[in-house]
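Next comes data_13.csv, a file with CSV, C-alpha atoms.
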```
chain,number,residue,atom,x,y,z
N,447,MET,CA,3.9,-14.3,-9.3
N,448,ARG,CA,6.0,-12.2,-11.6
N,449,ILE,CA,4.3,-9.0,-12.7
N,450,LYS,CA,5.4,-6.5,-15.4
N,451,VAL,CA,4.6,-2.9,-14.7
N,452,SER,CA,4.6,-0.2,-17.3
N,453,ALA,CA,3.2,3.3,-17.8
N,454,GLN,CA,2.0,5.1,-20.9
N,455,ASP,CA,4.5,7.4,-22.6
N,456,GLY,CA,5.1,10.6,-20.7
N,457,TYR,CA,3.9,9.2,-17.3
N,458,ALA,CA,5.8,7.7,-14.4
N,459,ILE,CA,4.9,4.3,-13.0
N,460,ALA,CA,2.8,4.6,-9.8
N,461,GLY,CA,5.1,4.2,-6.9
N,462,ILE,CA,4.7,3.2,-3.2
N,463,MET,CA,4.0,6.8,-2.1
N,464,ASP,CA,1.2,7.0,-4.7
N,465,THR,CA,-0.5,4.2,-2.7
N,466,LYS,CA,-2.0,6.9,-0.5
N,467,ALA,CA,-4.2,8.1,-3.4
N,468,LEU,CA,-5.3,4.5,-4.2
N,469,ILE,CA,-6.2,3.9,-0.5
N,470,GLY,CA,-8.2,7.1,-0.6
N,471,LEU,CA,-10.0,6.2,-3.8
N,472,CYS,CA,-10.9,2.7,-2.5
N,473,THR,CA,-12.2,4.2,0.8
N,474,TYR,CA,-14.3,6.8,-1.1
N,475,ALA,CA,-15.7,4.1,-3.4
N,476,ARG,CA,-16.8,1.9,-0.4
N,477,THR,CA,-19.0,4.8,0.8
N,478,TYR,CA,-20.1,6.0,-2.6
N,479,TYR,CA,-21.2,2.7,-3.9
N,480,ALA,CA,-23.0,1.8,-0.7
N,481,ASP,CA,-26.0,3.4,-2.5
N,482,PRO,CA,-27.2,0.8,-5.0
N,483,ALA,CA,-28.4,3.5,-7.3
N,484,LYS,CA,-24.8,4.5,-8.0
N,485,GLN,CA,-23.5,1.0,-8.8
N,486,ASP,CA,-23.1,1.8,-12.6
N,487,ARG,CA,-21.9,5.3,-12.2
N,488,PRO,CA,-18.3,6.6,-12.1
N,489,LEU,CA,-16.9,7.7,-8.7
N,490,VAL,CA,-17.1,11.5,-8.5
N,491,ILE,CA,-14.2,13.2,-6.6
N,492,ASP,CA,-13.9,16.8,-5.4
N,493,LEU,CA,-10.1,17.4,-5.5
N,494,THR,CA,-10.1,19.8,-2.5
N,495,ASP,CA,-12.0,17.4,-0.3
N,496,PHE,CA,-9.8,14.5,-1.5
N,497,THR,CA,-6.6,16.4,-0.8
N,498,SER,CA,-7.7,17.1,2.7
N,499,TYR,CA,-8.6,13.4,3.2
N,500,LEU,CA,-5.0,12.5,2.3
N,501,CYS,CA,-4.0,14.8,5.3
N,502,LEU,CA,-2.7,17.5,3.0
N,503,THR,CA,-3.5,21.2,3.1
N,504,PRO,CA,-5.6,21.8,-0.1
N,505,SER,CA,-3.1,24.3,-1.5
N,506,GLY,CA,-2.6,24.6,-5.3
N,507,GLY,CA,0.7,22.6,-5.1
N,508,ASN,CA,-0.7,19.8,-3.0
N,509,LYS,CA,-3.8,19.5,-5.2
N,510,ARG,CA,-1.5,19.2,-8.3
N,511,HIS,CA,0.5,16.5,-6.4
N,512,VAL,CA,-2.6,14.5,-5.6
N,513,TRP,CA,-3.9,14.8,-9.1
N,514,LYS,CA,-0.6,13.5,-10.4
N,515,MET,CA,-0.9,10.5,-8.0
N,516,VAL,CA,-4.4,9.7,-9.2
N,517,ARG,CA,-3.3,10.0,-12.9
N,518,ALA,CA,-0.4,7.6,-12.2
N,519,TRP,CA,-2.8,4.8,-11.4
N,520,GLU,CA,-4.8,5.4,-14.6
N,521,LYS,CA,-1.6,5.3,-16.7
N,522,THR,CA,0.1,2.4,-15.0
N,523,GLY,CA,-0.7,-1.1,-16.3
N,524,PHE,CA,0.1,-4.4,-14.8
N,525,GLN,CA,0.6,-7.7,-16.6
N,526,ILE,CA,1.1,-11.1,-15.0
N,527,ILE,CA,4.1,-12.8,-16.6
N,528,ALA,CA,4.2,-16.0,-14.5
N,529,ALA,CA,2.2,-17.5,-11.6
N,530,ASP,CA,2.8,-20.6,-9.5
N,531,ASP,CA,0.3,-23.4,-10.2
N,532,ALA,CA,-0.8,-23.3,-6.6
N,533,ILE,CA,-1.7,-19.7,-6.9
N,534,ARG,CA,-3.6,-20.4,-10.2
N,535,ARG,CA,-5.6,-23.1,-8.6
N,536,PHE,CA,-6.4,-20.9,-5.6
N,537,TYR,CA,-7.7,-17.9,-7.6
N,538,GLY,CA,-8.9,-19.8,-10.6
N,539,GLN,CA,-7.4,-19.8,-14.1
N,540,GLU,CA,-9.8,-17.1,-15.3
N,541,ALA,CA,-8.0,-14.6,-13.0
N,542,PHE,CA,-4.9,-14.9,-15.2
N,543,THR,CA,-6.4,-14.4,-18.6
N,544,LEU,CA,-6.1,-10.6,-18.7
N,545,ASP,CA,-3.3,-9.2,-21.0
N,546,GLU,CA,-3.1,-6.1,-18.8
N,547,PHE,CA,-5.1,-4.4,-16.1
N,548,ARG,CA,-5.2,-1.0,-14.5
N,549,PHE,CA,-6.7,-0.1,-11.1
N,550,ILE,CA,-8.3,3.0,-12.8
N,551,THR,CA,-9.7,2.3,-16.2
N,552,ARG,CA,-10.9,5.8,-17.0
N,553,ILE,CA,-10.8,9.4,-15.7
N,554,LYS,CA,-13.1,12.2,-16.9
N,555,THR,CA,-12.6,15.8,-15.8
N,556,LEU,CA,-15.8,17.5,-14.8
N,557,LEU,CA,-14.5,21.0,-13.9
N,558,SER,CA,-11.6,21.5,-16.3
N,559,GLY,CA,-8.4,23.3,-15.8
N,560,LYS,CA,-4.7,22.4,-15.6
N,561,THR,CA,-5.6,20.7,-12.3
N,562,PRO,CA,-9.4,19.9,-12.3
N,563,GLU,CA,-11.4,20.7,-9.2
N,564,ARG,CA,-13.7,17.7,-9.8
N,565,PHE,CA,-13.3,14.5,-11.8
N,566,ALA,CA,-15.0,11.1,-12.3
N,567,VAL,CA,-13.1,7.9,-11.8
N,568,THR,CA,-14.0,4.4,-13.2
N,569,LEU,CA,-12.3,1.7,-11.1
N,570,ASP,CA,-11.4,-1.7,-12.4
N,571,LYS,CA,-14.3,-4.0,-12.0
N,572,GLY,CA,-12.3,-6.7,-10.2
N,573,LEU,CA,-11.0,-4.1,-7.7
N,574,LEU,CA,-14.4,-2.6,-7.2
N,575,ASP,CA,-16.0,-6.0,-6.6
N,576,ARG,CA,-13.4,-6.7,-3.9
N,577,ILE,CA,-14.0,-3.3,-2.3
N,578,LEU,CA,-17.7,-4.0,-2.0
N,579,ASP,CA,-17.3,-7.6,-0.8
N,580,PRO,CA,-18.2,-7.6,2.9
N,581,GLU,CA,-15.6,-10.4,3.4
N,582,SER,CA,-12.8,-8.1,2.2
N,583,ARG,CA,-11.8,-6.4,5.4
N,584,PHE,CA,-8.4,-5.1,4.3
N,585,LEU,CA,-9.6,-1.6,3.5
N,586,SER,CA,-10.9,-0.9,7.0
N,587,ALA,CA,-7.6,-2.1,8.4
N,588,ILE,CA,-5.5,0.6,6.9
N,589,HIS,CA,-3.9,3.0,9.4
N,590,GLN,CA,-5.1,6.5,8.9
N,591,ASP,CA,-1.7,7.9,10.1
N,592,LEU,CA,-0.2,6.2,7.0
N,593,MET,CA,-1.4,9.3,5.1
N,594,LEU,CA,1.1,11.4,7.1
N,595,GLU,CA,4.0,9.1,6.3
N,596,THR,CA,6.8,10.8,4.2
N,597,SER,CA,9.2,7.9,3.9
N,598,SER,CA,8.8,5.4,1.1
N,599,ALA,CA,11.0,3.0,3.1
N,600,ARG,CA,8.7,3.0,6.1
N,601,MET,CA,5.7,2.5,3.8
N,602,LEU,CA,7.4,-0.4,2.2
N,603,PHE,CA,8.0,-1.9,5.7
N,604,TYR,CA,4.4,-1.4,6.7
N,605,PHE,CA,2.9,-3.0,3.6
N,606,TRP,CA,5.4,-5.9,4.0
N,607,CYS,CA,4.3,-6.4,7.6
N,608,ARG,CA,0.7,-6.4,6.6
N,609,ARG,CA,1.4,-9.3,4.2
N,610,ALA,CA,4.1,-11.3,6.2
N,611,VAL,CA,3.5,-10.5,9.9
N,612,GLN,CA,-0.2,-9.7,9.6
N,613,TYR,CA,-1.8,-9.7,13.2
N,614,ARG,CA,0.8,-11.9,15.0
N,615,THR,CA,1.7,-10.3,18.3
N,616,LEU,CA,4.5,-12.6,19.3
N,617,PRO,CA,8.0,-11.6,18.0
N,618,SER,CA,9.2,-13.6,15.0
N,619,HIS,CA,12.9,-13.6,14.1
N,620,TRP,CA,14.1,-12.7,10.5
N,621,ASN,CA,17.7,-12.9,9.5
N,622,LEU,CA,18.9,-10.1,7.2
N,623,ARG,CA,19.3,-12.3,4.1
N,624,HIS,CA,15.8,-13.8,4.4
N,625,LEU,CA,14.3,-10.4,5.2
N,626,ARG,CA,15.8,-8.8,2.1
N,627,ARG,CA,14.7,-11.7,-0.1
N,628,GLU,CA,11.1,-11.3,1.3
N,629,MET,CA,10.9,-7.5,1.4
N,630,ALA,CA,13.1,-6.0,-1.3
N,631,PRO,CA,15.1,-8.5,-3.3
N,632,TYR,CA,16.0,-5.8,-5.9
N,633,MET,CA,18.1,-3.9,-3.3
N,634,TYR,CA,21.8,-4.3,-2.8
N,635,PRO,CA,22.5,-5.8,0.7
N,636,SER,CA,24.3,-2.7,1.9
N,637,VAL,CA,21.4,-0.5,0.8
N,638,PHE,CA,18.8,-2.7,2.4
N,639,ASP,CA,20.8,-2.9,5.6
N,640,SER,CA,21.0,0.9,5.7
N,641,MET,CA,17.3,1.3,5.1
N,642,LEU,CA,16.3,-1.1,7.9
N,643,ARG,CA,18.7,0.6,10.3
N,644,LYS,CA,17.0,3.9,9.6
N,645,ILE,CA,13.6,2.4,10.1
N,646,ALA,CA,14.7,0.8,13.3
N,647,SER,CA,16.0,4.1,14.7
N,648,HIS,CA,12.6,5.8,13.7
N,649,ALA,CA,10.8,3.0,15.7
N,650,ARG,CA,12.4,4.1,19.0
N,651,ASN,CA,11.5,6.8,21.5
N,652,ALA,CA,14.1,9.4,22.6
N,653,ASP,CA,14.9,7.2,25.6
N,654,GLY,CA,15.7,4.2,23.4
N,655,SER,CA,12.5,2.3,24.2
N,656,LEU,CA,10.6,0.7,21.3
N,657,LYS,CA,7.5,2.3,19.8
N,658,PRO,CA,5.2,0.8,17.2
N,659,LEU,CA,5.5,2.0,13.6
N,660,HIS,CA,2.0,2.0,12.1
N,661,GLY,CA,1.1,-0.9,14.4
N,662,TYR,CA,4.3,-3.0,14.2
N,663,TYR,CA,7.4,-3.3,16.3
N,664,LEU,CA,11.0,-3.7,15.0
N,665,GLN,CA,13.7,-4.9,17.3
N,666,SER,CA,17.4,-5.3,16.2
N,667,VAL,CA,19.1,-8.6,17.0
N,668,TYR,CA,22.9,-8.8,17.5
N,669,ASP,CA,25.3,-11.7,17.9
N,670,PRO,CA,27.7,-12.0,20.8
N,671,ASN,CA,30.2,-9.9,18.9
N,672,ASN,CA,27.7,-7.1,18.6
N,673,HIS,CA,27.1,-7.7,14.8
N,674,LEU,CA,23.6,-7.1,13.6
N,675,THR,CA,22.2,-10.4,12.4
N,676,GLY,CA,18.5,-9.7,11.9
N,677,TYR,CA,15.3,-8.3,13.4
N,678,GLU,CA,12.4,-9.4,15.5
N,679,ILE,CA,9.1,-8.1,14.2
N,680,TRP,CA,5.6,-8.3,15.7
N,681,ALA,CA,2.3,-6.6,15.7
N,682,ASP,CA,1.3,-4.3,18.6
N,683,LYS,CA,-1.5,-6.0,20.5
N,684,ARG,CA,-2.7,-2.7,21.8
N,685,ASP,CA,-3.2,-1.3,18.3
N,686,ARG,CA,-6.9,-0.9,17.6
N,687,LEU,CA,-6.7,-2.7,14.2
N,688,ILE,CA,-4.8,-5.6,15.7
N,689,LYS,CA,-7.4,-5.9,18.4
N,690,ALA,CA,-10.2,-5.8,15.8
N,691,TYR,CA,-8.8,-8.6,13.8
```
Can you present the structure in this file as structure tokens?
Amino acid sequence: MRIKVSAQDGYAIAGIMDTKALIGLCTYARTYYADPAKQDRPLVIDLTDFTSYLCLTPSGGNKRHVWKMVRAWEKTGFQIIAADDAIRRFYGQEAFTLDEFRFITRIKTLLSGKTPERFAVTLDKGLLDRILDPESRFLSAIHQDLMLETSSARMLFYFWCRRAVQYRTLPSHWNLRHLRREMAPYMYPSVFDSMLRKIASHARNADGSLKPLHGYYLQSVYDPNNHLTGYEIWADKRDRLIKAY
């Protein structure tokens, strides 16, 4: 699919680091709407508790940061420009009739101020239906330590692994060109190469041995002339989420 992303005037488009707030909202919603009596109510959020859930000290600055992340999802709209026929058949044509959709359709502040201490969120119905669907296990398979991640590059790698590698524990080889086309086709090759080298160095212990990065291993592959040609990537079979799925 090709998707157009835009934000309302004065607001930045939600980025990959803002995904932490969306993960938190979805997880809160799963618990909140387990009570059938709340099905038609907005999701009520206490900002201090929510900031702590995102593994941040609930200081004034952090709460402002979290509030900004939440607002980004309310102000960012998505529009499907084109979709392959096979995808349309799989999901059904009715899934592609929306002009634009947002993951958060409305926010109402309950305890006002420059940074509200409490607010109510109305999630997109399609997103909420998926959250509450017992067959949608993707939410329970999010690594909690992802909330502590400070690198957008490593988050990009993690989400790509969730889609492309999934739960395969045998190493699969990816050459650099194919990997860039799959993971970040908008990047210049030199920038992408530098990014992966930094990720690979982070995925090693001090003694040079490999360590999993949010449940995935990344191993550099070199040719006989010691030129980097690609990477082997696989899921950690000892990881609790990999073992569960």
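Note that the spacing between CA of Ala518 (chain N) and CA of Tyr632 (chain N) amounts to 22.1 Å.
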Check which residues of region 511-614 of chain N sit at most 9 Å from region 493-496 of chain N using only C-alpha atoms, and return one row each with the closest pair of atoms and their distance in Å to one decimal, ordered by chain and rising number, as JSON lines.
```
{"residue": "N:Val512", "atom": "CA", "partner": "N:Leu493", "partner_atom": "CA", "distance": 8.0}
{"residue": "N:Trp513", "atom": "CA", "partner": "N:Leu493", "partner_atom": "CA", "distance": 7.6}
{"residue": "N:Thr561", "atom": "CA", "partner": "N:Leu493", "partner_atom": "CA", "distance": 8.8}
{"residue": "N:Pro562", "atom": "CA", "partner": "N:Leu493", "partner_atom": "CA", "distance": 7.3}
{"residue": "N:Glu563", "atom": "CA", "partner": "N:Leu493", "partner_atom": "CA", "distance": 5.1}
{"residue": "N:Arg564", "atom": "CA", "partner": "N:Leu493", "partner_atom": "CA", "distance": 5.6}
{"residue": "N:Phe565", "atom": "CA", "partner": "N:Leu493", "partner_atom": "CA", "distance": 7.6}
```
Selected residues written out with C-alpha atoms, as a compact mmCIF listing (two decimals), in the coordinates of the input:
```txt
# COMPACT_ATOMS: atom_id res chain seq x y z
CA VAL N 512 -2.60 14.50 -5.60
CA TRP N 513 -3.90 14.80 -9.10
CA THR N 561 -5.60 20.70 -12.30
CA PRO N 562 -9.40 19.90 -12.30
CA GLU N 563 -11.40 20.70 -9.20
CA ARG N 564 -13.70 17.70 -9.80
CA PHE N 565 -13.30 14.50 -11.80
```
**OP:** Return the single residue from N:Asp639, N:Asp570, N:Asp591, N:Glu678 that is closest to Ala475 (chain N), with distances computed using all atoms listed in the file.
**Re:**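 Ranking N:Asp639, N:Asp570, N:Asp591, N:Glu678 by distance to Ala475 (chain N), first place goes to N:Asp570.
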Scan for residues within 12 Å of the point (15.7, -6.2, -0.2) in the coordinates of the file, using only C-alpha atoms, and reply as an mmCIF file with C-alpha atoms, in the frame of the given file.
```cif
data_model
loop_
_atom_site.group_PDB
_atom_site.id
_atom_site.type_symbol
_atom_site.label_atom_id
_atom_site.label_comp_id
_atom_site.auth_asym_id
_atom_site.auth_seq_id
_atom_site.Cartn_x
_atom_site.Cartn_y
_atom_site.Cartn_z
ATOM 1 C CA ALA N 599 11.000 3.000 3.100
ATOM 2 C CA LEU N 602 7.400 -0.400 2.200
ATOM 3 C CA PHE N 603 8.000 -1.900 5.700
ATOM 4 C CA TRP N 606 5.400 -5.900 4.000
ATOM 5 C CA ASN N 621 17.700 -12.900 9.500
ATOM 6 C CA LEU N 622 18.900 -10.100 7.200
ATOM 7 C CA ARG N 623 19.300 -12.300 4.100
ATOM 8 C CA HIS N 624 15.800 -13.800 4.400
ATOM 9 C CA LEU N 625 14.300 -10.400 5.200
ATOM 10 C CA ARG N 626 15.800 -8.800 2.100
ATOM 11 C CA ARG N 627 14.700 -11.700 -0.100
ATOM 12 C CA GLU N 628 11.100 -11.300 1.300
ATOM 13 C CA MET N 629 10.900 -7.500 1.400
ATOM 14 C CA ALA N 630 13.100 -6.000 -1.300
ATOM 15 C CA PRO N 631 15.100 -8.500 -3.300
ATOM 16 C CA TYR N 632 16.000 -5.800 -5.900
ATOM 17 C CA MET N 633 18.100 -3.900 -3.300
ATOM 18 C CA TYR N 634 21.800 -4.300 -2.800
ATOM 19 C CA PRO N 635 22.500 -5.800 0.700
ATOM 20 C CA SER N 636 24.300 -2.700 1.900
ATOM 21 C CA VAL N 637 21.400 -0.500 0.800
ATOM 22 C CA PHE N 638 18.800 -2.700 2.400
ATOM 23 C CA ASP N 639 20.800 -2.900 5.600
ATOM 24 C CA SER N 640 21.000 0.900 5.700
ATOM 25 C CA MET N 641 17.300 1.300 5.100
ATOM 26 C CA LEU N 642 16.300 -1.100 7.900
#
```
**OP:** Work out how far apart CA of Glu520 (chain N) and CA of Ala453 (chain N) are and give it in Å to one decimal.
**Re:** 8.9 Å
**OP:** For Ala566 (chain N), work out the shell of residues within 6 Å, counting all atoms listed in the file and skipping chain neighbours fewer than 5 positions away, then give it as a list of chain:residue names.
**Re:**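 Skipping anything fewer than 5 positions along the chain leaves N:Pro488, N:Leu489, N:Val490, N:Ile553, N:Lys554.
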Original post:
For Glu540 (chain N), which residue among N:Pro504, N:Gly572, N:Pro482, N:Gly523 is the nearest when counting all atoms listed in the file?
Top reply: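 Nearest to Glu540 (chain N): N:Gly572.
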**OP:** Between CA of Lys450 (chain N) and CA of Thr543 (chain N), measure the distance and give it in Å to one decimal.
**Re:** 14.6 Å
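Closest approach to Gly461 (chain N) among N:Lys644, N:His660, N:Arg517, N:Arg608 is made by N:Arg517 (distances from only C-alpha atoms).
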For region 544-551 of chain N, please output as a PDB file with C-alpha atoms, in the coordinates of the input all residues within 8 Å (counting all atoms listed in the file; exclusion window: fewer than 2 positions along the same chain).
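File produced: part-v5.pdb:
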```pdb
ATOM      1  CA  TRP N 519      -2.800   4.800 -11.400  1.00  0.00           C
ATOM      2  CA  GLU N 520      -4.800   5.400 -14.600  1.00  0.00           C
ATOM      3  CA  LYS N 521      -1.600   5.300 -16.700  1.00  0.00           C
ATOM      4  CA  THR N 522       0.100   2.400 -15.000  1.00  0.00           C
ATOM      5  CA  GLY N 523      -0.700  -1.100 -16.300  1.00  0.00           C
ATOM      6  CA  PHE N 524       0.100  -4.400 -14.800  1.00  0.00           C
ATOM      7  CA  GLN N 525       0.600  -7.700 -16.600  1.00  0.00           C
ATOM      8  CA  ILE N 526       1.100 -11.100 -15.000  1.00  0.00           C
ATOM      9  CA  ALA N 541      -8.000 -14.600 -13.000  1.00  0.00           C
ATOM     10  CA  PHE N 542      -4.900 -14.900 -15.200  1.00  0.00           C
ATOM     11  CA  ILE N 553     -10.800   9.400 -15.700  1.00  0.00           C
ATOM     12  CA  VAL N 567     -13.100   7.900 -11.800  1.00  0.00           C
ATOM     13  CA  THR N 568     -14.000   4.400 -13.200  1.00  0.00           C
ATOM     14  CA  LEU N 569     -12.300   1.700 -11.100  1.00  0.00           C
ATOM     15  CA  ASP N 570     -11.400  -1.700 -12.400  1.00  0.00           C
ATOM     16  CA  LEU N 573     -11.000  -4.100  -7.700  1.00  0.00           C
TER      17      LEU N 573
END
```
Original post:
With only C-alpha atoms as the basis for distance, which of N:Met447, N:Arg609, N:Ser647, N:Arg686 is at the shortest distance from Asp531 (chain N)?
Top reply: N:Met447
**OP:** Kindly indicate which residue among N:Arg650, N:Arg448, N:Lys683, N:Arg643 lies nearest to Ala529 (chain N), using only C-alpha atoms for the distances.
**Re:** N:Arg448
